Structures are given as C-alpha cells and as structure tokens.
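For reference, work-v3.txt (compact mmCIF, C-alpha atoms and all ligand atoms):
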```txt
# COMPACT_ATOMS: atom_id res chain seq x y z
CA MET A 1 -115.85 -19.52 49.78
CA ILE A 2 -116.10 -19.49 46.02
CA ALA A 3 -113.00 -17.70 44.90
CA THR A 4 -113.04 -15.68 41.74
CA ILE A 5 -110.02 -14.39 39.97
CA THR A 6 -109.85 -11.30 37.86
CA ALA A 7 -108.25 -11.66 34.47
CA THR A 8 -107.42 -8.24 33.07
CA THR A 9 -106.52 -7.69 29.45
CA TYR A 10 -104.85 -4.51 28.21
CA PHE A 11 -105.36 -3.79 24.55
CA THR A 12 -103.31 -1.41 22.44
CA ASN A 13 -106.00 1.27 22.13
CA ASN A 14 -106.27 1.85 25.89
CA ILE A 15 -109.11 -0.64 26.22
CA VAL A 16 -108.95 -2.62 29.41
CA ILE A 17 -111.20 -5.58 30.01
CA HIS A 18 -111.65 -7.24 33.40
CA ARG A 19 -113.15 -10.70 33.50
CA GLN A 20 -113.97 -12.93 36.43
CA VAL A 21 -112.66 -16.40 35.80
CA SER A 22 -112.96 -19.66 37.70
CA LEU A 23 -110.06 -21.10 39.62
CA ALA A 24 -109.67 -23.97 37.20
CA ARG A 25 -109.51 -21.49 34.31
CA ALA A 26 -107.03 -19.31 36.21
CA VAL A 27 -104.66 -22.21 36.76
CA THR A 28 -104.59 -22.76 32.99
CA LEU A 29 -104.28 -19.04 32.25
CA MET A 30 -101.23 -18.68 34.51
CA ASP A 31 -99.17 -20.71 32.05
CA HIS A 32 -100.27 -18.64 29.04
CA ALA A 33 -97.38 -17.01 27.20
CA ASN A 34 -98.92 -13.53 27.48
CA ALA A 35 -99.95 -13.83 31.10
CA ILE A 36 -98.49 -11.42 33.59
CA ILE A 37 -98.59 -12.31 37.25
CA PRO A 38 -97.40 -9.45 39.43
CA PRO A 39 -95.08 -10.73 42.18
CA ASP A 40 -97.11 -8.75 44.72
CA ALA A 41 -100.53 -9.95 43.56
CA ASP A 42 -102.98 -10.96 46.26
CA LEU A 43 -103.05 -14.71 46.53
CA LEU A 44 -105.94 -17.05 46.99
CA GLU A 45 -105.37 -20.33 48.73
CA VAL A 46 -106.90 -23.16 46.77
CA ARG A 47 -107.17 -26.46 48.54
CA SER A 48 -107.61 -29.78 46.85
CA THR A 49 -107.47 -33.16 48.55
CA SER A 50 -103.78 -33.57 47.78
CA GLN A 51 -102.33 -30.08 48.06
CA THR A 52 -102.86 -26.38 48.43
CA MET A 53 -102.08 -24.07 45.61
CA LEU A 54 -101.58 -20.34 45.77
CA VAL A 55 -103.25 -18.69 42.82
CA PRO A 56 -102.90 -14.97 42.17
CA ALA A 57 -106.14 -13.01 42.45
CA VAL A 58 -105.16 -11.03 39.38
CA ILE A 59 -103.82 -12.27 36.08
CA ILE A 60 -102.99 -9.64 33.51
CA PHE A 61 -102.88 -10.10 29.77
CA SER A 62 -101.10 -7.60 27.68
CA VAL A 63 -102.10 -7.48 24.07
CA ASP A 64 -100.47 -4.06 24.05
CA LYS A 65 -97.21 -4.54 22.17
CA ALA A 66 -95.64 -1.72 24.19
CA PHE A 67 -95.16 -4.26 26.94
CA VAL A 68 -93.97 -7.82 26.95
CA PRO A 69 -94.30 -10.35 29.75
CA HIS A 70 -91.03 -10.88 31.50
CA VAL A 71 -90.07 -13.39 34.18
CA PRO A 72 -87.93 -11.55 36.73
CA MET A 73 -84.90 -13.22 38.33
CA PRO A 74 -85.96 -15.11 41.44
CA THR A 75 -84.55 -13.55 44.59
CA LYS A 76 -84.96 -14.44 48.25
CA ALA A 77 -87.15 -11.36 48.74
CA GLY A 78 -89.23 -12.22 45.68
CA ILE A 79 -89.78 -15.80 46.79
CA TYR A 80 -90.64 -14.63 50.31
CA ARG A 81 -93.19 -12.15 48.95
CA ARG A 82 -94.69 -14.63 46.52
CA ASP A 83 -95.11 -17.25 49.26
CA ARG A 84 -96.48 -14.62 51.70
CA GLY A 85 -93.75 -15.34 54.23
CA MET A 86 -95.12 -18.83 54.72
CA CYS A 87 -92.86 -21.86 55.05
CA ALA A 88 -93.74 -24.12 52.10
CA TYR A 89 -93.26 -27.21 54.27
CA CYS A 90 -94.64 -26.54 57.76
CA GLY A 91 -96.90 -23.62 56.80
CA ARG A 92 -95.70 -21.35 59.59
CA SER A 93 -95.38 -17.63 59.10
CA ILE A 94 -91.73 -16.72 59.29
CA SER A 95 -89.88 -13.44 59.47
CA PHE A 96 -87.69 -12.47 56.52
CA GLY A 97 -84.62 -12.95 58.71
CA ASP A 98 -85.58 -16.55 59.47
CA ALA A 99 -86.55 -17.31 55.90
CA SER A 100 -84.43 -19.14 53.39
CA MET A 101 -84.81 -20.08 49.76
CA ASP A 102 -85.17 -23.80 49.40
CA HIS A 103 -84.54 -25.63 46.14
CA ILE A 104 -87.43 -28.12 45.89
CA VAL A 105 -85.23 -30.41 43.81
CA PRO A 106 -81.80 -29.77 45.39
CA GLN A 107 -79.06 -28.13 43.36
CA SER A 108 -76.94 -31.23 43.98
CA LEU A 109 -79.59 -33.25 42.10
CA GLY A 110 -79.66 -30.78 39.23
CA GLY A 111 -82.56 -28.64 40.50
CA PRO A 112 -82.51 -25.23 38.79
CA ALA A 113 -82.78 -21.83 40.50
CA THR A 114 -86.16 -21.07 38.92
CA TRP A 115 -89.38 -19.75 40.44
CA ASP A 116 -91.04 -23.14 40.17
CA ASN A 117 -88.16 -24.88 41.92
CA LEU A 118 -87.70 -22.36 44.74
CA VAL A 119 -89.88 -21.91 47.81
CA ASN A 120 -89.73 -20.01 51.03
CA ALA A 121 -88.74 -22.26 53.94
CA CYS A 122 -87.96 -21.83 57.63
CA ARG A 123 -84.46 -22.77 58.71
CA ARG A 124 -85.68 -25.84 60.58
CA CYS A 125 -87.47 -27.30 57.55
CA ASN A 126 -84.61 -26.37 55.24
CA GLU A 127 -82.09 -28.19 57.46
CA LYS A 128 -84.41 -31.15 57.98
CA LYS A 129 -85.04 -31.54 54.26
CA ALA A 130 -81.32 -31.16 53.47
CA ASN A 131 -80.25 -32.40 50.04
CA ARG A 132 -83.40 -34.38 49.34
CA THR A 133 -86.52 -33.96 47.27
CA PRO A 134 -89.80 -33.42 49.18
CA GLU A 135 -90.73 -37.05 48.40
CA GLN A 136 -87.40 -38.39 49.71
CA ALA A 137 -87.69 -36.26 52.84
CA GLY A 138 -91.38 -37.08 53.37
CA MET A 139 -92.07 -33.35 53.45
CA PRO A 140 -94.78 -32.53 50.90
CA LEU A 141 -95.13 -28.97 49.67
CA ARG A 142 -98.11 -27.11 51.09
CA PHE A 143 -98.59 -25.23 47.86
CA LYS A 144 -97.41 -25.37 44.29
CA PRO A 145 -95.24 -22.34 43.54
CA PHE A 146 -96.06 -20.16 40.54
CA THR A 147 -93.85 -18.13 38.24
CA PRO A 148 -94.57 -14.39 38.42
CA LYS A 149 -94.31 -12.30 35.29
CA VAL A 150 -94.06 -8.55 35.03
CA ARG A 151 -94.73 -6.10 32.21
CA LEU A 152 -91.60 -4.93 30.55
CA ARG A 153 -91.11 -2.36 27.85
CA PRO A 154 -89.21 -4.04 25.02
CA GLU A 155 -85.91 -2.50 23.93
ZN ZN B 1 -90.98 -24.85 58.09
```
If you convert what's in this file into structure tokens, what do you get?
Ligand SMILES: [Zn+2]
Amino acid sequence: MIATITATTYFTNNIVIHRQVSLARAVTLMDHANAIIPPDADLLEVRSTSQTMLVPAVIIFSVDKAFVPHVPMPTKAGIYRRDRGMCAYCGRSISFGDASMDHIVPQSLGGPATWDNLVNACRRCNEKKANRTPEQAGMPLRFKPFTPKVRLRPE
C-alpha cells in the first residue's frame, strides 16, 4: 500500500488547500511550527526495517491568524486515543481499563511527561519494563509517538 497523507492549509480569506504529500514529507511536516495534528486523526502505520511509526493521515496548517497551534496537555485518554489503544511494546489491543501511561524514559531518570515521552502500555509490559528505558529493558517501541496539536483561538 502506498500511503498518502493529506496536508490541509487554512488561509485567512477562507481559502483551504488540500495537498497529498508523501510519507517522508509528512514526517518532516509534523514537526513544523504551524502544523496541527488532531489527536483523533486517522493514523497510518508506516513500517521501516527498524521500527513502525504512526503518522496522522491529516496534517493541518493554519495560516489563519485567528487560530494558533497548541499542544494540549497529555492525558491517559489522549495517549490511549493517539496510540489507538495499542500497547507500544507488545502491540496488543488493550481496553482503556487495562491501559496505562508509560514514561518511555522513566520519571526517575528525568523523563518528562510529554507526548513524545509517553505511550500507551498494557499493565504487563509496564510492570516488566519498570524503571528502565526501552533499551535497558530490551523492549523496543513498536512505533514512535507523535505530538498532537490542536487549533486554538488566541486570547
Ligand atoms: Zn504490552
């Protein structure tokens, strides 16, 4: 499957442009300062030899100054939704009740509570990994987590 990603740009004068971009381009665009990645965007699974990455199917650019990109606070529900209820370590689908937020780099090692350091994990993997990095635990991540951004009206 050749995955295409839609990059949508909103301009001030109600002009909206949708573009199809390649995966490689999308990965670069995700880090753009004006990029907005809805937390509930459909995700495409991108496999490389070393790891799988979840890339949103839609990336939004807002040139409209009425909105600014905003990174919401990561929550357990937000992480669960972003990772599609999948355990980042064993890849199993887990129910919200069995899900936990795992710090990739543990808090005890200075790992921050940010979207790129938090993943959805089943209890078994979370306990097995304990206070170790994925490398130390020999538990590689199945996908690289992304940071969602939403459109916010500035004050
Ligand atoms: Zn697991």
Subject >> Shell of 8 Å around Phe61 in chain A, only C-alpha atoms, local chain residues under 5 positions omitted, as a PyMOL selection string >> reply: chain A and resi 7-10+34-36
- Within 7 Å of ligand ZN 1 (chain B), counting only C-alpha atoms and all ligand atoms: which residues, as a list in words?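 Counting only C-alpha atoms and all ligand atoms, the residues within 7 Å of ligand ZN 1 (chain B) come out as Cys87, Ala88, Tyr89, Cys90, Gly91, Arg92, Ala121, Cys122, Arg123, Arg124 and Cys125 of chain A.
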Taken to one decimal, the CA of Arg25 in chain A-CA of Met53 in chain A distance is 13.8 Å
### Query
Just how far from CA of Val58 in chain A is CA of Asp42 in chain A, in Å to one decimal?
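Those two atoms sit 7.2 Å apart.
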Go ahead and compute the interatomic distance for CA of Thr75 in chain A and CA of Thr133 in chain A, in Å to one decimal.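 Separating CA of Thr75 in chain A from CA of Thr133 in chain A is a distance of 20.7 Å.
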Determine, counting only C-alpha atoms, which protein, DNA and RNA residues have an atom within 12 Å of an atom of Met86 in chain A; residues of the same chain fewer than 3 positions away are not included. Present the result as a VMD selection string.
chain A and resid 45 54 79 to 83 89 to 96 98 to 101 119 to 122 125 141 to 143 145
Store the residues of this selection in a file with C-alpha atoms, as a compact mmCIF listing (two decimals), keeping the file's coordinate frame.
```
# COMPACT_ATOMS: atom_id res chain seq x y z
CA GLU A 45 -105.37 -20.33 48.73
CA LEU A 54 -101.58 -20.34 45.77
CA ILE A 79 -89.78 -15.80 46.79
CA TYR A 80 -90.64 -14.63 50.31
CA ARG A 81 -93.19 -12.15 48.95
CA ARG A 82 -94.69 -14.63 46.52
CA ASP A 83 -95.11 -17.25 49.26
CA TYR A 89 -93.26 -27.21 54.27
CA CYS A 90 -94.64 -26.54 57.76
CA GLY A 91 -96.90 -23.62 56.80
CA ARG A 92 -95.70 -21.35 59.59
CA SER A 93 -95.38 -17.63 59.10
CA ILE A 94 -91.73 -16.72 59.29
CA SER A 95 -89.88 -13.44 59.47
CA PHE A 96 -87.69 -12.47 56.52
CA ASP A 98 -85.58 -16.55 59.47
CA ALA A 99 -86.55 -17.31 55.90
CA SER A 100 -84.43 -19.14 53.39
CA MET A 101 -84.81 -20.08 49.76
CA VAL A 119 -89.88 -21.91 47.81
CA ASN A 120 -89.73 -20.01 51.03
CA ALA A 121 -88.74 -22.26 53.94
CA CYS A 122 -87.96 -21.83 57.63
CA CYS A 125 -87.47 -27.30 57.55
CA LEU A 141 -95.13 -28.97 49.67
CA ARG A 142 -98.11 -27.11 51.09
CA PHE A 143 -98.59 -25.23 47.86
CA PRO A 145 -95.24 -22.34 43.54
```
Self-check item: Proximity to Thr6 in chain A - best of A:Val105, A:Ala24, A:Met73, A:Ile59, only C-alpha atoms
Solution: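 Ranking A:Val105, A:Ala24, A:Met73, A:Ile59 by distance to Thr6 in chain A, first place goes to A:Ile59.
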Excluding same-chain residues fewer than 2 positions from Trp115 in chain A, what lies within 8 Å of it counting only C-alpha atoms, as a short mmCIF file (atom, residue, chain, number, x, y, z; two decimals) with C-alpha atoms, keeping the file's coordinate frame?
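Wrote out.cif, looks like this:
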```cif
data_model
loop_
_atom_site.label_atom_id
_atom_site.label_comp_id
_atom_site.auth_asym_id
_atom_site.auth_seq_id
_atom_site.Cartn_x
_atom_site.Cartn_y
_atom_site.Cartn_z
CA PRO A 74 -85.96 -15.11 41.44
CA ILE A 79 -89.78 -15.80 46.79
CA ALA A 113 -82.78 -21.83 40.50
CA ASN A 117 -88.16 -24.88 41.92
CA LEU A 118 -87.70 -22.36 44.74
CA VAL A 119 -89.88 -21.91 47.81
CA PRO A 145 -95.24 -22.34 43.54
CA PHE A 146 -96.06 -20.16 40.54
CA THR A 147 -93.85 -18.13 38.24
CA PRO A 148 -94.57 -14.39 38.42
#
```
Selected residue, from A:His18, A:Arg84, A:His103, A:Lys128, that lies nearest to Val55 in chain A when counting all atoms listed in the file:
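Going through A:His18, A:Arg84, A:His103, A:Lys128 one by one, the smallest distance to Val55 in chain A is for A:Arg84.
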For a quick check of understanding, using only C-alpha atoms, which of A:Asn126, A:Gly78, A:Pro69, A:Ile60 has the smallest distance to Val16 in chain A?
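Selected residue with least distance to Val16 in chain A: A:Ile60.
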One residue among A:Asp102, A:Leu23, A:Leu44, A:Thr52 is nearest to Lys76 in chain A when using only C-alpha atoms, and that residue is A:Asp102
Keeping C-alpha atoms (and nothing else), can you write range 26-143 of chain A of this structure as a JSON list (two decimals), in the first residue's frame?
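Contents of part_8.json, as written:
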```
[["chain", "number", "residue", "atom", "x", "y", "z"],
["A", 26, "ALA", "CA", 4.67, 14.17, 6.26],
["A", 27, "VAL", "CA", 7.19, 13.10, 8.88],
["A", 28, "THR", "CA", 9.04, 16.38, 8.31],
["A", 29, "LEU", "CA", 5.84, 18.43, 8.25],
["A", 30, "MET", "CA", 4.70, 17.05, 11.61],
["A", 31, "ASP", "CA", 7.48, 18.98, 13.34],
["A", 32, "HIS", "CA", 6.62, 22.26, 11.59],
["A", 33, "ALA", "CA", 5.76, 25.06, 14.00],
["A", 34, "ASN", "CA", 2.40, 25.74, 12.31],
["A", 35, "ALA", "CA", 1.39, 22.12, 11.96],
["A", 36, "ILE", "CA", -1.75, 20.96, 13.67],
["A", 37, "ILE", "CA", -2.22, 17.27, 14.27],
["A", 38, "PRO", "CA", -5.67, 16.49, 15.64],
["A", 39, "PRO", "CA", -5.45, 13.96, 18.49],
["A", 40, "ASP", "CA", -8.22, 11.95, 16.82],
["A", 41, "ALA", "CA", -6.69, 11.95, 13.33],
["A", 42, "ASP", "CA", -6.71, 8.66, 11.47],
["A", 43, "LEU", "CA", -3.31, 7.08, 11.69],
["A", 44, "LEU", "CA", -1.29, 5.29, 9.08],
["A", 45, "GLU", "CA", 1.15, 2.65, 10.16],
["A", 46, "VAL", "CA", 4.49, 3.17, 8.50],
["A", 47, "ARG", "CA", 6.94, 0.33, 8.76],
["A", 48, "SER", "CA", 10.64, 0.63, 8.25],
["A", 49, "THR", "CA", 13.19, -2.08, 8.91],
["A", 50, "SER", "CA", 13.85, -0.83, 12.42],
["A", 51, "GLN", "CA", 10.51, 0.41, 13.66],
["A", 52, "THR", "CA", 6.92, 1.27, 12.97],
["A", 53, "MET", "CA", 5.76, 4.81, 13.09],
["A", 54, "LEU", "CA", 2.22, 6.07, 13.37],
["A", 55, "VAL", "CA", 1.74, 9.04, 11.09],
["A", 56, "PRO", "CA", -1.51, 11.01, 11.08],
["A", 57, "ALA", "CA", -3.45, 10.84, 7.83],
["A", 58, "VAL", "CA", -4.19, 14.54, 8.12],
["A", 59, "ILE", "CA", -1.85, 17.37, 8.93],
["A", 60, "ILE", "CA", -3.40, 20.81, 9.12],
["A", 61, "PHE", "CA", -1.63, 24.10, 8.60],
["A", 62, "SER", "CA", -3.21, 27.23, 9.82],
["A", 63, "VAL", "CA", -2.03, 30.40, 8.19],
["A", 64, "ASP", "CA", -5.21, 31.93, 9.57],
["A", 65, "LYS", "CA", -4.09, 34.09, 12.46],
["A", 66, "ALA", "CA", -7.44, 33.52, 14.18],
["A", 67, "PHE", "CA", -6.05, 30.19, 15.31],
["A", 68, "VAL", "CA", -2.73, 29.16, 16.71],
["A", 69, "PRO", "CA", -1.36, 25.65, 17.04],
["A", 70, "HIS", "CA", -1.49, 24.47, 20.59],
["A", 71, "VAL", "CA", -0.10, 21.31, 22.18],
["A", 72, "PRO", "CA", -2.72, 20.01, 24.61],
["A", 73, "MET", "CA", -1.73, 18.53, 27.97],
["A", 74, "PRO", "CA", -1.07, 14.82, 27.61],
["A", 75, "THR", "CA", -3.65, 12.74, 29.44],
["A", 76, "LYS", "CA", -4.13, 8.99, 29.75],
["A", 77, "ALA", "CA", -7.19, 9.21, 27.47],
["A", 78, "GLY", "CA", -5.30, 11.33, 24.95],
["A", 79, "ILE", "CA", -2.35, 8.95, 24.84],
["A", 80, "TYR", "CA", -4.71, 5.97, 24.54],
["A", 81, "ARG", "CA", -6.55, 7.61, 21.63],
["A", 82, "ARG", "CA", -3.36, 8.69, 19.89],
["A", 83, "ASP", "CA", -1.90, 5.17, 20.13],
["A", 84, "ARG", "CA", -5.22, 3.60, 19.05],
["A", 85, "GLY", "CA", -5.45, 1.54, 22.22],
["A", 86, "MET", "CA", -2.37, -0.39, 21.19],
["A", 87, "CYS", "CA", 0.35, -1.33, 23.66],
["A", 88, "ALA", "CA", 3.51, 0.41, 22.43],
["A", 89, "TYR", "CA", 5.62, -2.58, 23.48],
["A", 90, "CYS", "CA", 3.74, -5.80, 22.70],
["A", 91, "GLY", "CA", 1.36, -4.32, 20.12],
["A", 92, "ARG", "CA", -1.75, -5.86, 21.65],
["A", 93, "SER", "CA", -5.06, -4.04, 21.62],
["A", 94, "ILE", "CA", -5.96, -3.21, 25.18],
["A", 95, "SER", "CA", -9.08, -1.87, 26.82],
["A", 96, "PHE", "CA", -8.93, 1.59, 28.38],
["A", 97, "GLY", "CA", -9.26, -0.02, 31.82],
["A", 98, "ASP", "CA", -6.17, -2.15, 31.25],
["A", 99, "ALA", "CA", -4.19, 0.67, 29.72],
["A", 100, "SER", "CA", -1.58, 2.72, 31.48],
["A", 101, "MET", "CA", 0.59, 5.66, 30.52],
["A", 102, "ASP", "CA", 4.20, 4.60, 30.34],
["A", 103, "HIS", "CA", 7.07, 7.07, 30.51],
["A", 104, "ILE", "CA", 9.48, 5.89, 27.79],
["A", 105, "VAL", "CA", 12.37, 7.40, 29.74],
["A", 106, "PRO", "CA", 11.21, 6.83, 33.34],
["A", 107, "GLN", "CA", 10.41, 9.78, 35.57],
["A", 108, "SER", "CA", 13.09, 8.51, 37.95],
["A", 109, "LEU", "CA", 15.64, 9.03, 35.15],
["A", 110, "GLY", "CA", 14.36, 12.52, 34.42],
["A", 111, "GLY", "CA", 11.91, 11.56, 31.66],
["A", 112, "PRO", "CA", 9.33, 14.34, 31.18],
["A", 113, "ALA", "CA", 5.54, 13.91, 31.00],
["A", 114, "THR", "CA", 5.39, 14.99, 27.35],
["A", 115, "TRP", "CA", 3.60, 13.46, 24.37],
["A", 116, "ASP", "CA", 6.87, 12.21, 22.91],
["A", 117, "ASN", "CA", 7.87, 10.53, 26.17],
["A", 118, "LEU", "CA", 4.51, 8.92, 26.94],
["A", 119, "VAL", "CA", 2.99, 5.85, 25.32],
["A", 120, "ASN", "CA", 0.06, 3.59, 25.91],
["A", 121, "ALA", "CA", 1.13, 0.32, 27.54],
["A", 122, "CYS", "CA", -0.59, -2.77, 28.93],
["A", 123, "ARG", "CA", -0.09, -3.43, 32.62],
["A", 124, "ARG", "CA", 2.11, -6.46, 31.95],
["A", 125, "CYS", "CA", 4.55, -4.53, 29.76],
["A", 126, "ASN", "CA", 4.51, -1.54, 32.10],
["A", 127, "GLU", "CA", 5.42, -3.75, 35.08],
["A", 128, "LYS", "CA", 8.00, -5.70, 33.09],
["A", 129, "LYS", "CA", 9.69, -2.54, 31.84],
["A", 130, "ALA", "CA", 9.62, -0.99, 35.33],
["A", 131, "ASN", "CA", 12.01, 1.93, 35.85],
["A", 132, "ARG", "CA", 14.10, 1.28, 32.77],
["A", 133, "THR", "CA", 14.45, 2.74, 29.30],
["A", 134, "PRO", "CA", 13.25, 0.56, 26.38],
["A", 135, "GLU", "CA", 16.92, -0.17, 25.58],
["A", 136, "GLN", "CA", 17.71, -1.22, 29.16],
["A", 137, "ALA", "CA", 14.60, -3.39, 29.29],
["A", 138, "GLY", "CA", 15.17, -4.86, 25.81],
["A", 139, "MET", "CA", 11.65, -3.75, 24.90],
["A", 140, "PRO", "CA", 11.79, -1.64, 21.74],
["A", 141, "LEU", "CA", 8.91, 0.68, 20.94],
["A", 142, "ARG", "CA", 6.65, -0.53, 18.15],
["A", 143, "PHE", "CA", 6.06, 3.00, 16.99]]
```
